[in-house]
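Here is protein-v6.txt, consisting of compact mmCIF, C-alpha atoms and all ligand atoms:
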```
# COMPACT_ATOMS: atom_id res chain seq x y z
CA MET A 523 -6.60 33.12 6.41
CA ILE A 524 -10.11 33.76 7.67
CA LEU A 525 -11.43 30.25 8.20
CA ARG A 526 -15.02 31.44 8.26
CA ASP A 527 -14.67 32.66 4.64
CA LEU A 528 -13.30 29.30 3.50
CA ILE A 529 -16.15 27.46 5.22
CA GLU A 530 -18.65 29.73 3.50
CA ARG A 531 -17.03 29.35 0.07
CA LYS A 532 -16.82 25.56 0.29
CA ARG A 533 -20.35 25.40 1.69
CA ASP A 534 -21.51 27.24 -1.43
CA GLY A 535 -19.62 24.92 -3.79
CA GLY A 536 -16.51 27.05 -4.40
CA ARG A 537 -12.86 25.97 -4.62
CA LEU A 538 -10.06 26.38 -2.08
CA SER A 539 -6.62 27.44 -3.24
CA ASP A 540 -3.36 25.60 -2.51
CA ASP A 541 -2.34 28.38 -0.09
CA GLU A 542 -5.66 28.20 1.74
CA LEU A 543 -5.48 24.43 2.09
CA ARG A 544 -1.90 24.76 3.35
CA SER A 545 -3.06 27.27 5.98
CA VAL A 546 -5.89 24.95 7.03
CA ALA A 547 -3.48 22.01 7.47
CA ASN A 548 -0.86 24.06 9.27
CA SER A 549 -3.30 25.71 11.64
CA ALA A 550 -5.02 22.36 12.30
CA ALA A 551 -1.61 20.95 13.20
CA ALA A 552 -0.66 23.94 15.32
CA GLY A 553 -3.99 23.94 17.17
CA SER A 554 -4.51 27.59 16.28
CA VAL A 555 -8.07 27.16 14.97
CA PRO A 556 -11.00 25.89 17.01
CA ASP A 557 -12.48 22.42 16.57
CA TYR A 558 -15.89 23.85 15.65
CA GLN A 559 -14.56 25.72 12.62
CA LEU A 560 -12.50 22.78 11.38
CA ALA A 561 -15.51 20.52 11.88
CA ALA A 562 -17.70 22.89 9.86
CA LEU A 563 -15.15 22.97 7.04
CA LEU A 564 -14.95 19.17 7.05
CA MET A 565 -18.74 18.98 6.76
CA ALA A 566 -18.72 21.49 3.88
CA ILE A 567 -16.06 19.35 2.12
CA PHE A 568 -18.09 16.23 2.88
CA PHE A 569 -21.08 17.66 0.98
CA ARG A 570 -19.30 19.61 -1.76
CA GLY A 571 -16.20 17.43 -2.28
CA LEU A 572 -12.78 18.49 -3.52
CA ASP A 573 -11.66 18.35 -7.15
CA GLY A 574 -8.50 16.47 -8.16
CA HIS A 575 -6.30 19.53 -7.77
CA GLU A 576 -7.70 20.41 -4.32
CA THR A 577 -7.31 16.79 -3.18
CA ARG A 578 -3.65 16.79 -4.22
CA ALA A 579 -3.10 20.17 -2.56
CA LEU A 580 -4.75 19.05 0.70
CA THR A 581 -2.70 15.85 0.74
CA THR A 582 0.53 17.78 0.14
CA ALA A 583 -0.43 20.30 2.80
CA MET A 584 -1.22 17.61 5.39
CA LEU A 585 2.02 15.83 4.55
CA GLY A 586 3.92 19.13 4.85
CA SER A 587 2.37 19.85 8.26
CA GLY A 588 5.04 17.58 9.74
CA GLN A 589 8.34 15.95 8.94
CA VAL A 590 9.02 12.93 6.77
CA LEU A 591 11.09 9.82 7.26
CA GLN A 592 14.13 9.75 4.97
CA ARG A 593 15.10 6.40 3.49
CA PRO A 594 18.90 6.19 3.56
CA ALA A 595 20.52 5.96 0.13
CA GLY A 596 21.11 2.33 -0.84
CA ALA A 597 18.73 1.00 1.86
CA PRO A 598 16.47 -1.97 0.97
CA PRO A 599 12.98 -1.14 -0.36
CA TRP A 600 10.58 0.50 2.08
CA ILE A 601 7.07 -0.85 1.58
CA ASP A 602 3.90 -0.33 3.59
CA LYS A 603 0.24 -1.29 3.45
CA HIS A 604 -2.81 0.64 4.60
CA SER A 605 -6.46 -0.31 4.81
CA THR A 606 -9.51 1.91 4.57
CA GLY A 607 -10.74 0.19 7.72
CA GLY A 608 -13.12 -2.48 8.82
CA VAL A 609 -14.28 -4.70 11.66
CA GLY A 610 -11.87 -7.48 12.61
CA ASP A 611 -9.44 -6.06 10.03
CA LYS A 612 -6.15 -6.93 11.69
CA THR A 613 -3.91 -7.78 8.73
CA SER A 614 -1.37 -5.00 9.50
CA LEU A 615 -0.27 -6.72 12.70
CA ILE A 616 0.70 -9.79 10.68
CA LEU A 617 1.94 -8.10 7.51
CA ALA A 618 4.50 -5.83 9.16
CA PRO A 619 6.52 -8.59 10.88
CA LEU A 620 5.96 -11.05 8.04
CA LEU A 621 7.40 -8.72 5.41
CA ALA A 622 10.19 -7.50 7.69
CA SER A 623 11.13 -11.14 8.30
CA VAL A 624 11.81 -11.58 4.56
CA GLY A 625 13.99 -8.49 4.27
CA VAL A 626 11.48 -5.79 3.34
CA THR A 627 11.64 -2.65 5.49
CA VAL A 628 8.18 -1.70 6.75
CA PRO A 629 7.74 1.79 8.21
CA MET A 630 4.08 1.42 9.17
CA MET A 631 2.22 4.51 10.29
CA SER A 632 -1.31 3.58 11.34
CA GLY A 633 -4.43 5.14 12.80
CA ARG A 634 -6.76 4.66 15.73
CA GLY A 635 -10.29 3.30 15.60
CA LEU A 636 -12.46 5.43 13.35
CA GLY A 637 -16.26 5.29 13.35
CA HIS A 638 -17.36 1.67 13.73
CA THR A 639 -13.94 0.33 12.65
CA GLY A 640 -10.98 -0.68 14.79
CA GLY A 641 -7.51 0.90 14.55
CA THR A 642 -4.09 -0.73 14.42
CA LEU A 643 -2.66 1.59 17.09
CA ASP A 644 -5.40 0.71 19.59
CA LYS A 645 -4.80 -2.99 18.92
CA LEU A 646 -1.04 -2.72 19.42
CA GLU A 647 -1.44 -0.68 22.59
CA SER A 648 -3.45 -3.51 24.11
CA ILE A 649 -0.07 -5.25 24.53
CA PRO A 650 1.00 -4.00 27.98
CA GLY A 651 3.74 -1.38 27.65
CA PHE A 652 3.67 -1.18 23.84
CA ARG A 653 4.47 2.39 22.69
CA THR A 654 3.33 3.67 19.28
CA ASP A 655 4.36 7.31 19.88
CA LEU A 656 7.97 6.89 18.79
CA SER A 657 9.93 9.96 17.76
CA LEU A 658 10.93 10.09 14.12
CA ALA A 659 14.58 9.61 15.07
CA ARG A 660 13.78 6.56 17.13
CA ALA A 661 11.55 5.07 14.40
CA ALA A 662 14.33 5.61 11.83
CA ALA A 663 16.90 3.91 14.09
CA GLN A 664 14.52 1.00 14.71
CA LEU A 665 13.90 0.61 10.98
CA GLU A 666 17.59 0.31 10.39
CA ARG A 667 18.05 -2.13 13.27
CA ILE A 668 15.12 -4.53 12.81
CA GLY A 669 13.43 -3.48 9.54
CA CYS A 670 10.08 -2.44 10.99
CA ALA A 671 8.49 0.25 13.15
CA LEU A 672 4.77 0.44 14.02
CA ILE A 673 3.91 4.03 14.80
CA GLY A 674 1.13 6.60 14.84
CA GLN A 675 0.99 10.30 14.22
CA THR A 676 2.88 12.40 16.70
CA ALA A 677 3.42 16.13 16.74
CA GLU A 678 6.24 15.37 14.28
CA ILE A 679 4.51 13.17 11.70
CA ALA A 680 1.45 14.26 9.66
CA PRO A 681 0.05 16.15 12.67
CA ALA A 682 -2.72 17.74 10.57
CA ASP A 683 -4.16 14.28 9.90
CA GLY A 684 -3.99 13.47 13.60
CA ARG A 685 -6.31 16.36 14.40
CA LEU A 686 -8.60 16.06 11.35
CA TYR A 687 -8.92 12.26 11.70
CA ALA A 688 -10.17 12.59 15.28
CA LEU A 689 -12.58 15.38 14.33
CA ARG A 690 -13.95 13.45 11.35
CA ASP A 691 -14.57 10.50 13.63
CA ALA A 692 -16.58 12.66 16.02
CA THR A 693 -18.53 14.58 13.34
CA ALA A 694 -19.65 11.83 10.92
CA THR A 695 -17.46 13.16 8.12
CA VAL A 696 -15.37 10.07 7.53
CA GLU A 697 -17.21 8.76 4.47
CA CYS A 698 -15.79 11.17 1.92
CA ILE A 699 -13.51 9.90 -0.86
CA GLN A 700 -11.24 12.95 -0.95
CA LEU A 701 -10.88 13.20 2.83
CA ILE A 702 -10.10 9.49 3.18
CA ALA A 703 -7.59 9.69 0.31
CA ALA A 704 -5.84 12.78 1.74
CA SER A 705 -5.78 11.27 5.23
CA ILE A 706 -4.29 7.97 4.16
CA MET A 707 -1.87 9.29 1.55
CA SER A 708 -0.53 12.17 3.68
CA LYS A 709 0.51 9.61 6.30
CA LYS A 710 1.86 7.13 3.81
CA LEU A 711 3.85 9.69 1.84
CA ALA A 712 5.48 10.83 5.09
CA GLU A 713 7.07 7.39 5.40
CA GLY A 714 9.62 7.76 2.59
CA LEU A 715 8.23 4.65 0.86
CA THR A 716 9.36 3.00 -2.34
CA GLY A 717 5.99 1.27 -2.75
CA LEU A 718 2.56 1.08 -1.12
CA VAL A 719 -0.21 -1.52 -1.05
CA LEU A 720 -3.71 -0.32 -0.26
CA ASP A 721 -6.57 -2.48 0.97
CA VAL A 722 -9.79 -0.75 -0.02
CA LYS A 723 -12.74 -2.35 1.71
CA ARG A 724 -16.17 -2.69 0.13
CA GLY A 725 -19.49 -4.07 1.38
CA SER A 726 -21.84 -2.93 4.12
CA GLY A 727 -19.14 -2.52 6.79
CA ALA A 728 -16.86 -0.35 4.64
CA PHE A 729 -16.88 3.44 4.85
CA LEU A 730 -17.67 3.39 1.12
CA PRO A 731 -19.79 0.25 0.67
CA GLU A 732 -20.46 0.51 -3.08
CA LEU A 733 -18.07 -0.99 -5.62
CA ASP A 734 -17.91 2.15 -7.78
CA ARG A 735 -17.02 4.38 -4.81
CA GLY A 736 -14.35 1.89 -3.67
CA LEU A 737 -12.89 1.94 -7.17
CA GLU A 738 -12.95 5.73 -7.25
CA LEU A 739 -11.16 5.89 -3.89
CA ALA A 740 -8.57 3.41 -5.16
CA ARG A 741 -7.96 5.46 -8.33
CA THR A 742 -7.74 8.70 -6.32
CA MET A 743 -5.09 7.27 -3.96
CA ILE A 744 -3.13 5.64 -6.80
CA ALA A 745 -3.00 9.02 -8.59
CA LEU A 746 -1.78 10.73 -5.40
CA GLY A 747 0.94 8.10 -5.02
CA GLU A 748 2.01 8.35 -8.66
CA ALA A 749 2.17 12.16 -8.42
CA ALA A 750 4.61 11.72 -5.52
CA GLY A 751 6.63 9.03 -7.36
CA VAL A 752 5.40 6.14 -5.17
CA PRO A 753 3.98 3.10 -7.02
CA VAL A 754 0.69 1.97 -5.47
CA VAL A 755 -1.11 -1.37 -5.85
CA THR A 756 -4.66 -1.56 -4.51
CA LEU A 757 -6.70 -4.66 -3.70
CA LEU A 758 -10.44 -4.40 -3.16
CA THR A 759 -11.41 -6.75 -0.35
CA ALA A 760 -14.66 -7.71 1.35
CA MET A 761 -16.08 -5.97 4.40
CA ASP A 762 -19.65 -7.31 4.16
CA ARG A 763 -18.77 -9.50 7.16
CA PRO A 764 -16.03 -9.14 9.79
CA LEU A 765 -12.59 -10.48 8.88
CA GLY A 766 -11.53 -13.42 11.03
CA ASN A 767 -13.29 -14.28 14.28
CA ALA A 768 -11.96 -11.81 16.84
CA CYS A 769 -13.22 -8.22 16.92
CA GLY A 770 -11.84 -6.00 19.69
CA ASN A 771 -8.30 -4.90 20.48
CA ALA A 772 -6.56 -7.54 22.64
CA LEU A 773 -8.74 -10.28 21.17
CA GLU A 774 -7.46 -9.36 17.72
CA VAL A 775 -3.83 -9.35 18.85
CA ARG A 776 -4.38 -12.85 20.17
CA GLU A 777 -5.82 -13.97 16.80
CA CYS A 778 -2.84 -12.43 14.97
CA ILE A 779 -0.43 -14.37 17.18
CA GLU A 780 -2.37 -17.57 16.39
CA THR A 781 -2.20 -16.71 12.68
CA MET A 782 1.57 -16.19 12.89
CA ARG A 783 1.74 -19.63 14.48
CA GLY A 784 -0.08 -20.94 11.39
CA ASN A 785 -3.39 -21.51 13.20
CA GLY A 786 -5.43 -18.44 12.25
CA PRO A 787 -8.80 -18.33 10.52
CA ALA A 788 -8.63 -19.12 6.79
CA ASP A 789 -10.33 -15.88 5.68
CA LEU A 790 -7.84 -13.75 7.62
CA TRP A 791 -4.95 -15.57 5.99
CA THR A 792 -6.52 -15.29 2.50
CA VAL A 793 -6.62 -11.49 2.70
CA THR A 794 -3.27 -11.20 4.51
CA GLU A 795 -1.51 -13.42 1.99
CA ALA A 796 -2.90 -11.51 -1.01
CA LEU A 797 -1.67 -8.20 0.45
CA ALA A 798 1.68 -9.70 1.47
CA ILE A 799 2.31 -11.00 -2.05
CA GLU A 800 1.70 -7.50 -3.46
CA MET A 801 4.04 -5.96 -0.88
CA LEU A 802 6.79 -8.43 -1.64
CA ARG A 803 6.41 -7.98 -5.40
CA LEU A 804 6.68 -4.21 -5.02
CA ALA A 805 9.93 -4.77 -3.16
CA ARG A 806 11.21 -7.38 -5.62
CA PRO A 807 9.50 -6.67 -8.95
CA THR A 808 11.16 -9.57 -10.78
CA ILE A 809 9.65 -12.40 -8.70
CA THR A 810 6.38 -14.12 -9.61
CA ALA A 811 3.34 -14.18 -7.35
CA GLU A 812 3.91 -17.90 -6.81
CA ASP A 813 7.54 -17.33 -5.73
CA ALA A 814 6.40 -14.56 -3.38
CA ARG A 815 3.82 -16.89 -1.88
CA THR A 816 6.43 -19.61 -1.24
CA ILE A 817 8.79 -17.12 0.45
CA LEU A 818 6.01 -15.80 2.67
CA LEU A 819 4.70 -19.23 3.67
CA ASP A 820 8.26 -20.28 4.57
CA ALA A 821 8.58 -17.21 6.81
CA LEU A 822 5.26 -18.04 8.45
CA HIS A 823 5.88 -21.74 8.97
CA SER A 824 9.51 -21.37 10.08
CA GLY A 825 8.38 -19.02 12.86
CA ALA A 826 10.42 -16.12 11.36
CA ALA A 827 7.39 -13.81 11.20
CA LEU A 828 6.47 -14.45 14.84
CA GLU A 829 10.10 -13.98 15.86
CA LYS A 830 10.12 -10.61 14.10
CA PHE A 831 6.91 -9.66 15.90
CA ARG A 832 8.65 -10.50 19.17
CA GLU A 833 11.53 -8.19 18.21
CA ILE A 834 9.14 -5.36 17.35
CA VAL A 835 7.21 -5.75 20.61
CA ALA A 836 10.46 -5.75 22.61
CA GLU A 837 11.83 -2.69 20.77
CA GLN A 838 8.62 -0.75 21.38
CA GLY A 839 8.46 -1.50 25.08
CA GLY A 840 5.75 -4.18 25.00
CA ASP A 841 5.59 -7.24 27.23
CA VAL A 842 6.96 -10.01 24.99
CA ARG A 843 5.72 -12.68 27.37
CA CYS A 844 2.25 -12.06 25.87
CA ILE A 845 3.43 -13.69 22.65
CA ASP A 846 4.06 -17.06 24.28
CA ASP A 847 1.26 -16.66 26.75
CA PRO A 848 -1.56 -14.57 25.23
CA GLY A 849 -3.37 -15.09 28.55
CA LEU A 850 -1.24 -12.15 29.76
CA LEU A 851 -3.03 -9.80 27.37
CA PRO A 852 -5.84 -7.78 28.97
CA SER A 853 -8.96 -9.89 29.37
CA ALA A 854 -12.50 -8.98 30.28
CA PRO A 855 -14.15 -10.38 33.42
CA HIS A 856 -17.64 -10.99 31.95
CA LEU A 857 -18.20 -13.40 29.06
CA ALA A 858 -21.41 -14.76 27.59
CA ASP A 859 -22.70 -16.11 24.29
CA VAL A 860 -25.16 -14.68 21.82
CA ARG A 861 -27.26 -17.73 20.91
CA ALA A 862 -29.34 -18.55 17.84
CA THR A 863 -33.04 -18.09 18.50
CA ARG A 864 -33.93 -20.56 15.75
CA SER A 865 -32.36 -23.24 13.58
CA GLY A 866 -31.35 -22.42 10.03
CA VAL A 867 -28.47 -21.01 8.03
CA VAL A 868 -26.44 -17.91 8.97
CA GLN A 869 -27.44 -15.43 6.29
CA ALA A 870 -25.39 -12.39 7.29
CA ILE A 871 -23.06 -11.05 9.97
CA PRO A 872 -23.12 -7.32 9.22
CA PRO A 873 -19.93 -5.66 10.49
CA ARG A 874 -21.45 -2.35 11.61
CA PRO A 875 -23.58 -3.71 14.49
CA VAL A 876 -20.54 -5.67 15.68
CA GLY A 877 -18.38 -2.52 15.52
CA HIS A 878 -21.02 -0.46 17.32
CA ALA A 879 -21.39 -3.14 20.00
CA ILE A 880 -17.63 -2.97 20.61
CA ILE A 881 -17.78 0.82 20.96
CA ALA A 882 -20.67 0.47 23.43
CA LEU A 883 -18.60 -2.05 25.38
CA GLY A 884 -15.85 0.59 25.66
CA GLY A 885 -13.55 -0.92 23.02
CA GLY A 886 -13.86 2.11 20.71
CA ARG A 887 -14.51 5.84 20.97
CA THR A 888 -17.63 7.98 20.85
CA SER A 889 -15.58 11.14 21.31
CA LYS A 890 -11.97 11.81 20.43
CA ASP A 891 -10.69 11.86 24.02
CA ASP A 892 -12.31 8.58 25.11
CA VAL A 893 -9.98 5.97 26.60
CA VAL A 894 -10.34 2.59 24.93
CA ASP A 895 -10.80 -0.60 26.95
CA PRO A 896 -8.36 -3.08 25.35
CA ALA A 897 -9.99 -6.20 26.77
CA VAL A 898 -13.56 -6.05 25.49
CA GLY A 899 -14.96 -7.27 22.20
CA VAL A 900 -16.81 -9.96 20.30
CA VAL A 901 -15.55 -13.32 19.05
CA LEU A 902 -17.62 -14.82 16.26
CA ARG A 903 -18.35 -18.53 16.59
CA VAL A 904 -20.02 -19.04 13.18
CA ARG A 905 -19.51 -17.89 9.61
CA VAL A 906 -22.00 -16.79 6.98
CA GLY A 907 -23.41 -19.95 5.36
CA ASP A 908 -23.04 -22.17 8.46
CA ALA A 909 -26.02 -24.29 9.48
CA VAL A 910 -26.96 -23.68 13.13
CA THR A 911 -29.46 -25.10 15.57
CA ALA A 912 -31.58 -23.08 18.00
CA GLY A 913 -29.57 -22.25 21.12
CA GLN A 914 -26.18 -22.67 19.42
CA PRO A 915 -23.62 -19.94 20.26
CA LEU A 916 -23.18 -17.47 17.41
CA ALA A 917 -20.70 -15.18 19.13
CA THR A 918 -19.09 -14.65 22.53
CA VAL A 919 -19.15 -11.18 24.07
CA HIS A 920 -16.27 -10.06 26.34
CA ALA A 921 -17.40 -7.22 28.62
CA ARG A 922 -16.08 -5.15 31.53
CA THR A 923 -19.40 -5.20 33.44
CA SER A 924 -22.44 -7.44 33.53
CA VAL A 925 -24.65 -4.52 32.48
CA ALA A 926 -22.52 -3.88 29.37
CA LEU A 927 -22.53 -7.61 28.66
CA ALA A 928 -26.33 -7.83 28.71
CA ALA A 929 -26.69 -4.74 26.51
CA ALA A 930 -24.22 -6.08 23.92
CA ILE A 931 -25.95 -9.46 23.79
CA GLU A 932 -29.28 -7.75 23.26
CA ARG A 933 -27.79 -5.54 20.54
CA LEU A 934 -26.16 -8.45 18.69
CA ARG A 935 -28.98 -10.97 18.99
CA GLY A 936 -30.91 -9.52 16.07
CA SER A 937 -27.81 -8.74 14.01
CA VAL A 938 -26.52 -12.18 13.17
CA ALA A 939 -29.25 -13.18 10.74
CA VAL A 940 -30.34 -16.83 10.75
CA GLY A 941 -32.85 -17.84 8.07
CA ASP A 942 -34.01 -20.77 5.97
CA GLY A 943 -31.42 -22.29 3.68
CA ALA A 944 -31.78 -19.66 0.99
CA PRO A 945 -28.66 -18.99 -1.05
CA VAL A 946 -26.22 -16.78 0.77
CA ASN A 947 -24.45 -14.07 -1.21
CA VAL A 948 -21.13 -12.91 0.13
CA LEU A 949 -18.44 -10.88 -1.59
CA PRO A 950 -15.21 -12.60 -2.58
CA TRP A 951 -12.54 -11.82 0.01
CA VAL A 952 -10.26 -10.33 -2.64
CA SER A 953 -12.08 -9.14 -5.76
CA HIS A 954 -10.10 -6.50 -7.70
CA ARG A 955 -6.48 -5.50 -8.27
CA ILE A 956 -5.96 -1.92 -9.37
CA THR A 957 -2.74 -0.22 -10.43
CA SER A 958 -1.90 2.91 -12.42
CA THR A 959 -2.03 0.81 -15.58
CA GLY A 960 -5.42 -0.82 -15.14
CA GLU A 961 -7.86 -2.96 -13.20
CA GLU A 962 -8.08 -6.73 -12.94
CA LEU A 963 -11.08 -8.68 -11.70
CA LEU A 964 -9.83 -11.43 -9.36
CA GLY A 965 -13.03 -12.94 -8.03
CA PRO A 966 -16.56 -13.56 -9.33
N1 LIG A 1001 -7.81 5.31 7.39
C1 LIG A 1001 -7.20 6.53 7.48
O1 LIG A 1001 -6.01 6.61 7.79
N2 LIG A 1001 -7.92 7.61 7.22
C2 LIG A 1001 -9.21 7.56 6.85
O2 LIG A 1001 -9.79 8.59 6.60
C3 LIG A 1001 -9.86 6.31 6.75
C4 LIG A 1001 -9.13 5.18 7.04
```
Now, as a test, write the supplied structure out as structure tokens.
Amino acid sequence: MILRDLIERKRDGGRLSDDELRSVANSAAAGSVPDYQLAALLMAIFFRGLDGHETRALTTAMLGSGQVLQRPAGAPPWIDKHSTGGVGDKTSLILAPLLASVGVTVPMMSGRGLGHTGGTLDKLESIPGFRTDLSLARAAAQLERIGCALIGQTAEIAPADGRLYALRDATATVECIQLIAASIMSKKLAEGLTGLVLDVKRGSGAFLPELDRGLELARTMIALGEAAGVPVVTLLTAMDRPLGNACGNALEVRECIETMRGNGPADLWTVTEALAIEMLRLARPTITAEDARTILLDALHSGAALEKFREIVAEQGGDVRCIDDPGLLPSAPHLADVRATRSGVVQAIPPRPVGHAIIALGGGRTSKDDVVDPAVGVVLRVRVGDAVTAGQPLATVHARTSVALAAAIERLRGSVAVGDGAPVNVLPWVSHRITSTGEELLGP
């Protein structure tokens, strides 16, 4: 394969063959092609797209760049969930233990922060000692023992996505339906799943903000799942404002622990519960949504979900004392509030400025080799639609240095919009349910 020729052909609107896409994935995984050529190809795909056949071929090639987990014959259902990413989007940390605590096996392979969004792996690694780079053999043994493993790509698992994901992050080529679909589905299909729930975000903080693009992404991923024999249910959820209050790695872990204690923010639970019900119904297709909800609430309120989280943290080398005493999680030395400059009603809390502020604080990456600061972030103190008075705290910034603190406060001051009591339009937290057989509108 001469990569330059493929770049040129895609740049000019041509098609890539299955063999060529396989060579791209394999050489990306092997590190035998330079970043600059892969980045150029990604940009050509970004502008020219891939047709349905190319998207399937790229997904299969990325999946085939590594090994796959094998579900033992007769094992309980293996179900996972994946989100297209957002700010404050921390549902995976709750869903995995919650579902495992009710007997569903969850082999969850997640990503790192991408663009302005946070990543599950970065959040988990803010727990001191927590390892996400498990070998496939160790993940399989853990799945059998405790029903859940929270892992990332290694050289063994979907390694092509590992390389392409980091390059897309650094080259502004994330927002492409076919690349997102191939990235997510190559990882998910490597997990040996019997069912998958996807959380496709829409709204200004989503990679694909518009409803029609979110729906197209959902349909593309459902088709990829069906072609591989994996049933996929997709929910469209809101990312026109951050989910929950905490945004930033350790801060989000802390909020997840509170949620598993039954004390989390209502919006976070609304989205988590909707996804959890779909996961449980994929595992047990004969139960009703109401039955699923009862089972899940029991697991939450009995403490079973938190107990399972404790088991996962212990298995993966994390400091379990953080669960009872979240004060042991990394914390930032400099805190200060962003305050309202006028009285009025909170009109909008756009996720992107919050995500960019976290990156500037060191809590995300500007280049693929950056080390993430687990302690920093932003905790929202108000919601869209709240009435506020001048001087009231809107958010608290957690920073490593006083200089970073001042810069983040300055950056966020203009972002949380306070205006006169005009009607506030926000998206419903969960608006659409899409499967291979059709689409259902759930919210207004
Ligand atoms: N999540 C992924 O795993 N990949 C993407 O491209 C976007 C979100």
At most 6 Å from ligand LIG 1001 (chain A) (all atoms listed in the file): residue list as JSON, numbers by chain: {"A": [606, 607, 633, 696, 702, 705, 706]}
First collect every listed atom of range 804-810 of chain A; then fit an axis-aligned box around them, widen it by 6 Å on each side, and give centre and edge lengths in Å to one decimal, as lines of an AutoDock Vina configuration file.
```
center_x = 8.8
center_y = -9.2
center_z = -7.0
size_x = 16.8
size_y = 21.9
size_z = 19.6
```
Can you tell me, as a ChimeraX atom specification, what residues are no more than 8 Å from Thr642 in chain A when counting all atoms listed in the file, ignoring any on the same chain fewer than 6 positions away? /A:612,614-615,632-635
Need the neighbours of (-21.1, -4.3, 15.2): which residues are at most 10 Å away, counting only C-alpha atoms, as a PyMOL selection string? chain A and resi 609+638-639+727+763-764+769+871-882+899-900+930+933-934+937-938
Can I get the selected residues back with C-alpha atoms, as a JSON list (two decimals), keeping the file's coordinate frame?
```
[["chain", "number", "residue", "atom", "x", "y", "z"],
["A", 609, "VAL", "CA", -14.28, -4.70, 11.66],
["A", 638, "HIS", "CA", -17.36, 1.67, 13.73],
["A", 639, "THR", "CA", -13.94, 0.33, 12.65],
["A", 727, "GLY", "CA", -19.14, -2.52, 6.79],
["A", 763, "ARG", "CA", -18.77, -9.50, 7.16],
["A", 764, "PRO", "CA", -16.03, -9.14, 9.79],
["A", 769, "CYS", "CA", -13.22, -8.22, 16.92],
["A", 871, "ILE", "CA", -23.06, -11.05, 9.97],
["A", 872, "PRO", "CA", -23.12, -7.32, 9.22],
["A", 873, "PRO", "CA", -19.93, -5.66, 10.49],
["A", 874, "ARG", "CA", -21.45, -2.35, 11.61],
["A", 875, "PRO", "CA", -23.58, -3.71, 14.49],
["A", 876, "VAL", "CA", -20.54, -5.67, 15.68],
["A", 877, "GLY", "CA", -18.38, -2.52, 15.52],
["A", 878, "HIS", "CA", -21.02, -0.46, 17.32],
["A", 879, "ALA", "CA", -21.39, -3.14, 20.00],
["A", 880, "ILE", "CA", -17.63, -2.97, 20.61],
["A", 881, "ILE", "CA", -17.78, 0.82, 20.96],
["A", 882, "ALA", "CA", -20.67, 0.47, 23.43],
["A", 899, "GLY", "CA", -14.96, -7.27, 22.20],
["A", 900, "VAL", "CA", -16.81, -9.96, 20.30],
["A", 930, "ALA", "CA", -24.22, -6.08, 23.92],
["A", 933, "ARG", "CA", -27.79, -5.54, 20.54],
["A", 934, "LEU", "CA", -26.16, -8.45, 18.69],
["A", 937, "SER", "CA", -27.81, -8.74, 14.01],
["A", 938, "VAL", "CA", -26.52, -12.18, 13.17]]
```
Would you kindly return, as JSON, numbers by chain, each protein, DNA or RNA residue with an atom no farther than 12 Å from any atom of range 569-573 of chain A, considering only C-alpha atoms and excluding same-chain residues fewer than 2 positions away? {"A": [529, 530, 531, 532, 533, 534, 535, 536, 537, 538, 539, 540, 543, 562, 563, 564, 565, 566, 567, 575, 576, 577, 578, 579, 580, 581, 694, 695, 696, 697, 698, 699, 700, 701, 702, 703, 704, 742]}
Range 849-859 of chain A: which residues within 7 Å, counting all atoms listed in the file, same-chain residues fewer than 3 positions away excluded, as a list in words?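 Residues meeting the cut-off are Ser648, Ile649, Ala772, Cys844, Pro896, Ala897, Val898, Pro915, Ala917, Thr918, Val919, His920, Ala921, Arg922, Thr923, Ser924 and Leu927 of chain A.
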In Å, rounded to a single decimal, give me how far CA of Leu617 in chain A is from CA of Gln592 in chain A. 21.8 Å
I'd like the contact shell of Gln664 in chain A - 12 Å cut-off, only C-alpha atoms, skipping same-chain residues fewer than 4 positions apart - returned as a PyMOL selection string. chain A and resi 622+627-630+656-660+668-673+833-838
Which is closest to Met631 in chain A among A:Ala826, A:Ala728, A:Ala712, A:Ala597, if we use only C-alpha atoms?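 Smallest separation from Met631 in chain A among the options: A:Ala712.
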